[in-house]
Amino acid sequence: MRNNIKVERAKNDMTQAKLAELAEVSRQTINAMELSKYVPSTVLALKLAKIFGRDVQELFELEKIDWK
Amino acid sequence: MNYLFPHQYKKIGLMVLIPSIIFGIVVIITDFAPEFLDVKIEFVLSANPFATSNNNLLNEILGILVILSGVVVAFSKEKVEDEFIGKIRLESLVWSVYVNYALLFLAMVILYDFDFLFFMMFNMFTLLIFFIVRFNWQISKLKKTSFDEK
């Protein structure tokens, strides 16, 4: 799954720490998501979308490798 | 519901766990057994219910301390216990169960009699220790590599 968290964060001039605080997760979690090392739960995905004022679909995108 | 202790318990647990492990190892090596902890035990649950034996309570006390504090340290929440930390927790638990039983498997094959019993004495605690070390190592690795980009 591809995500635009880093791009949105830059647009909003937000640090990882700030985003982590708003989303009520650890900074490591934000970092892992940006590096595509972790796929967030639906709840966290919705929270992130809400924080950036976007639709979830604008923030996250399926990739070919997500389909077995 | 994640069955975890509050974050503050981790420090308290560590303050009990580390001295207990060190003292426990010293007791094993030196056979230290202070007299005031000698008691006569009745084997209530043994085949011969009226049998008694002299026992020093120190190893029981240390064993209980290591188990209780080890469980608390292993299963206290991190400062921010979120879903990603939970995933690392689960991975570390699976890893430590594998390693622990791989060692037990090896010990069953290559150790016999009292050597095996001696190994089992440690194996009672190693699952917890392996988990604590692996989980905290993973978390600290993340903290180091996750630099804050603007």
# chains A, B, ... in the order shown; residues from 1 in each chain; ligands from 1
$ select_by_dssp --residues "chain A" --states "strand (DSSP E)" --output "NGL selection string"
:A and (2-3 or 60-61)
$ write_last_selection --atoms "C-alpha atoms" --output "short mmCIF file (atom, residue, chain, number, x, y, z; two decimals), in the first residue's frame"
data_model
loop_
_atom_site.label_atom_id
_atom_site.label_comp_id
_atom_site.auth_asym_id
_atom_site.auth_seq_id
_atom_site.Cartn_x
_atom_site.Cartn_y
_atom_site.Cartn_z
CA ARG A 2 1.29 3.42 -0.98
CA ASN A 3 0.64 6.46 1.19
CA PHE A 60 -3.71 5.69 0.87
CA GLU A 61 -3.55 3.77 -2.35
#
$ residues_around --residues "region 98-108 of chain B" --least-positions-apart "6" --cutoff "10 Å" --atoms "only C-alpha atoms" --output "list in words"
Ser92, Asp115, Phe116, Leu117, Phe119, Met120, Asn123, Met124, Phe125, Thr126, Leu127, Leu128, Ile129, Phe130 and Phe131 of chain B
$ atom_distance --atom1 "CA of Trp95 (chain B)" --atom2 "CA of Gln138 (chain B)"
11.8 Å
$ residues_around --residues "region 2-17 of chain B" --least-positions-apart "3" --cutoff "6 Å" --atoms "only C-alpha atoms" --output "list in words"
Ser20, Val66, Ser69, Val72, Val73, Phe75, Ser76, Lys77, Glu78 and Lys79 of chain B
$ interface_residues --of "chain A" --to "chain B" --cutoff "12 Å" --atoms "only C-alpha atoms" --output "PDB file with N, CA and C atoms, in the first residue's frame"
ATOM      1  N   LYS A   6       3.813  11.525   4.186  1.00  0.00           N
ATOM      2  CA  LYS A   6       4.960  12.432   4.234  1.00  0.00           C
ATOM      3  C   LYS A   6       4.683  13.715   3.443  1.00  0.00           C
ATOM      4  N   VAL A   7       4.057  13.535   2.269  1.00  0.00           N
ATOM      5  CA  VAL A   7       3.734  14.688   1.416  1.00  0.00           C
ATOM      6  C   VAL A   7       2.742  15.612   2.130  1.00  0.00           C
ATOM      7  N   GLU A   8       1.689  15.013   2.672  1.00  0.00           N
ATOM      8  CA  GLU A   8       0.671  15.809   3.366  1.00  0.00           C
ATOM      9  C   GLU A   8       1.263  16.517   4.583  1.00  0.00           C
ATOM     10  N   ARG A   9       2.169  15.814   5.246  1.00  0.00           N
ATOM     11  CA  ARG A   9       2.806  16.380   6.431  1.00  0.00           C
ATOM     12  C   ARG A   9       3.631  17.604   6.043  1.00  0.00           C
ATOM     13  N   ALA A  10       4.331  17.492   4.921  1.00  0.00           N
ATOM     14  CA  ALA A  10       5.140  18.616   4.440  1.00  0.00           C
ATOM     15  C   ALA A  10       4.243  19.787   4.050  1.00  0.00           C
ATOM     16  N   LYS A  11       3.149  19.467   3.361  1.00  0.00           N
ATOM     17  CA  LYS A  11       2.200  20.520   2.949  1.00  0.00           C
ATOM     18  C   LYS A  11       1.682  21.284   4.159  1.00  0.00           C
ATOM     19  N   ASN A  12       1.427  20.558   5.239  1.00  0.00           N
ATOM     20  CA  ASN A  12       0.881  21.171   6.448  1.00  0.00           C
ATOM     21  C   ASN A  12       1.963  21.663   7.403  1.00  0.00           C
ATOM     22  N   ASP A  13       3.238  21.557   6.951  1.00  0.00           N
ATOM     23  CA  ASP A  13       4.367  21.997   7.758  1.00  0.00           C
ATOM     24  C   ASP A  13       4.315  21.395   9.167  1.00  0.00           C
ATOM     25  N   MET A  14       4.252  20.076   9.194  1.00  0.00           N
ATOM     26  CA  MET A  14       4.035  19.364  10.453  1.00  0.00           C
ATOM     27  C   MET A  14       5.205  18.405  10.677  1.00  0.00           C
ATOM     28  N   THR A  15       5.702  18.316  11.900  1.00  0.00           N
ATOM     29  CA  THR A  15       6.757  17.327  12.190  1.00  0.00           C
ATOM     30  C   THR A  15       6.109  15.974  12.458  1.00  0.00           C
ATOM     31  N   GLN A  16       6.948  14.932  12.414  1.00  0.00           N
ATOM     32  CA  GLN A  16       6.443  13.595  12.755  1.00  0.00           C
ATOM     33  C   GLN A  16       5.892  13.587  14.181  1.00  0.00           C
ATOM     34  N   ALA A  17       6.588  14.283  15.057  1.00  0.00           N
ATOM     35  CA  ALA A  17       6.168  14.320  16.459  1.00  0.00           C
ATOM     36  C   ALA A  17       4.787  14.965  16.607  1.00  0.00           C
ATOM     37  N   LYS A  18       4.580  16.040  15.866  1.00  0.00           N
ATOM     38  CA  LYS A  18       3.298  16.751  15.935  1.00  0.00           C
ATOM     39  C   LYS A  18       2.164  15.866  15.415  1.00  0.00           C
ATOM     40  N   LEU A  19       2.417  15.225  14.265  1.00  0.00           N
ATOM     41  CA  LEU A  19       1.400  14.342  13.693  1.00  0.00           C
ATOM     42  C   LEU A  19       1.106  13.171  14.633  1.00  0.00           C
ATOM     43  N   ALA A  20       2.174  12.640  15.239  1.00  0.00           N
ATOM     44  CA  ALA A  20       2.012  11.527  16.179  1.00  0.00           C
ATOM     45  C   ALA A  20       1.111  11.942  17.340  1.00  0.00           C
ATOM     46  N   GLU A  21       1.346  13.165  17.822  1.00  0.00           N
ATOM     47  CA  GLU A  21       0.558  13.672  18.945  1.00  0.00           C
ATOM     48  C   GLU A  21      -0.923  13.806  18.557  1.00  0.00           C
ATOM     49  N   ALA A  23      -2.510  12.242  16.166  1.00  0.00           N
ATOM     50  CA  ALA A  23      -3.120  10.947  15.860  1.00  0.00           C
ATOM     51  C   ALA A  23      -3.115  10.005  17.060  1.00  0.00           C
ATOM     52  N   GLU A  24      -2.540  10.468  18.171  1.00  0.00           N
ATOM     53  CA  GLU A  24      -2.456   9.683  19.412  1.00  0.00           C
ATOM     54  C   GLU A  24      -1.707   8.366  19.219  1.00  0.00           C
ATOM     55  N   VAL A  25      -0.600   8.434  18.464  1.00  0.00           N
ATOM     56  CA  VAL A  25       0.277   7.272  18.326  1.00  0.00           C
ATOM     57  C   VAL A  25       1.712   7.711  18.616  1.00  0.00           C
ATOM     58  N   SER A  26       2.652   6.755  18.606  1.00  0.00           N
ATOM     59  CA  SER A  26       4.054   7.098  18.839  1.00  0.00           C
ATOM     60  C   SER A  26       4.670   7.635  17.551  1.00  0.00           C
ATOM     61  N   ARG A  27       5.787   8.360  17.696  1.00  0.00           N
ATOM     62  CA  ARG A  27       6.455   8.914  16.530  1.00  0.00           C
ATOM     63  C   ARG A  27       7.012   7.807  15.647  1.00  0.00           C
ATOM     64  N   GLN A  28       7.407   6.692  16.279  1.00  0.00           N
ATOM     65  CA  GLN A  28       7.924   5.556  15.521  1.00  0.00           C
ATOM     66  C   GLN A  28       6.873   5.010  14.560  1.00  0.00           C
ATOM     67  N   THR A  29       5.620   5.082  14.973  1.00  0.00           N
ATOM     68  CA  THR A  29       4.535   4.577  14.133  1.00  0.00           C
ATOM     69  C   THR A  29       4.392   5.425  12.877  1.00  0.00           C
ATOM     70  N   ILE A  30       4.454   6.752  13.039  1.00  0.00           N
ATOM     71  CA  ILE A  30       4.387   7.659  11.886  1.00  0.00           C
ATOM     72  C   ILE A  30       5.546   7.371  10.939  1.00  0.00           C
ATOM     73  N   ASN A  31       6.736   7.238  11.531  1.00  0.00           N
ATOM     74  CA  ASN A  31       7.932   6.971  10.738  1.00  0.00           C
ATOM     75  C   ASN A  31       7.812   5.658   9.969  1.00  0.00           C
ATOM     76  N   ALA A  32       7.351   4.620  10.656  1.00  0.00           N
ATOM     77  CA  ALA A  32       7.222   3.300  10.018  1.00  0.00           C
ATOM     78  C   ALA A  32       6.208   3.339   8.871  1.00  0.00           C
ATOM     79  N   MET A  33       5.141   4.115   9.045  1.00  0.00           N
ATOM     80  CA  MET A  33       4.141   4.224   7.975  1.00  0.00           C
ATOM     81  C   MET A  33       4.707   4.954   6.765  1.00  0.00           C
ATOM     82  N   GLU A  34       5.445   6.024   7.037  1.00  0.00           N
ATOM     83  CA  GLU A  34       6.031   6.793   5.929  1.00  0.00           C
ATOM     84  C   GLU A  34       7.036   5.965   5.139  1.00  0.00           C
ATOM     85  N   LEU A  35       7.708   5.041   5.832  1.00  0.00           N
ATOM     86  CA  LEU A  35       8.685   4.183   5.166  1.00  0.00           C
ATOM     87  C   LEU A  35       8.032   2.909   4.614  1.00  0.00           C
ATOM     88  N   LYS A  37       6.737   0.580   6.174  1.00  0.00           N
ATOM     89  CA  LYS A  37       7.073  -0.606   6.962  1.00  0.00           C
ATOM     90  C   LYS A  37       5.880  -1.046   7.800  1.00  0.00           C
ATOM     91  N   TYR A  38       4.893  -0.208   7.866  1.00  0.00           N
ATOM     92  CA  TYR A  38       3.719  -0.563   8.658  1.00  0.00           C
ATOM     93  C   TYR A  38       2.451  -0.069   7.981  1.00  0.00           C
ATOM     94  N   VAL A  39       1.455  -0.947   7.881  1.00  0.00           N
ATOM     95  CA  VAL A  39       0.155  -0.584   7.331  1.00  0.00           C
ATOM     96  C   VAL A  39      -0.788  -0.294   8.500  1.00  0.00           C
ATOM     97  N   PRO A  40      -1.308   0.929   8.584  1.00  0.00           N
ATOM     98  CA  PRO A  40      -2.124   1.289   9.748  1.00  0.00           C
ATOM     99  C   PRO A  40      -3.491   0.597   9.735  1.00  0.00           C
ATOM    100  N   SER A  41      -4.102   0.552  10.908  1.00  0.00           N
ATOM    101  CA  SER A  41      -5.464   0.033  11.009  1.00  0.00           C
ATOM    102  C   SER A  41      -6.414   1.015  10.338  1.00  0.00           C
ATOM    103  N   THR A  42      -7.638   0.574  10.109  1.00  0.00           N
ATOM    104  CA  THR A  42      -8.644   1.453   9.501  1.00  0.00           C
ATOM    105  C   THR A  42      -8.870   2.694  10.357  1.00  0.00           C
ATOM    106  N   VAL A  43      -8.925   2.486  11.674  1.00  0.00           N
ATOM    107  CA  VAL A  43      -9.168   3.616  12.578  1.00  0.00           C
ATOM    108  C   VAL A  43      -8.065   4.666  12.443  1.00  0.00           C
ATOM    109  N   LEU A  44      -6.804   4.202  12.448  1.00  0.00           N
ATOM    110  CA  LEU A  44      -5.689   5.153  12.347  1.00  0.00           C
ATOM    111  C   LEU A  44      -5.673   5.841  10.973  1.00  0.00           C
ATOM    112  N   ALA A  45      -5.995   5.075   9.924  1.00  0.00           N
ATOM    113  CA  ALA A  45      -6.054   5.654   8.576  1.00  0.00           C
ATOM    114  C   ALA A  45      -7.106   6.759   8.518  1.00  0.00           C
TER     115      ALA A  45
END
$ residues_around --residues "Phe36 (chain B)" --least-positions-apart "6" --cutoff "10 Å" --atoms "only C-alpha atoms" --output "VMD selection string"
chain B and resid 56 to 58
$ atom_distance --atom1 "CA of Gln57 (chain A)" --atom2 "CA of Ile5 (chain A)"
11.9 Å
$ atom_distance --atom1 "CA of Ile21 (chain B)" --atom2 "CA of Leu62 (chain B)"
7.9 Å
$ select_by_dssp --residues "chain A" --states "alpha helix (DSSP H)" --output "number ranges by chain"
A: 5-11, 16-23, 27-34, 42-52, 56-59
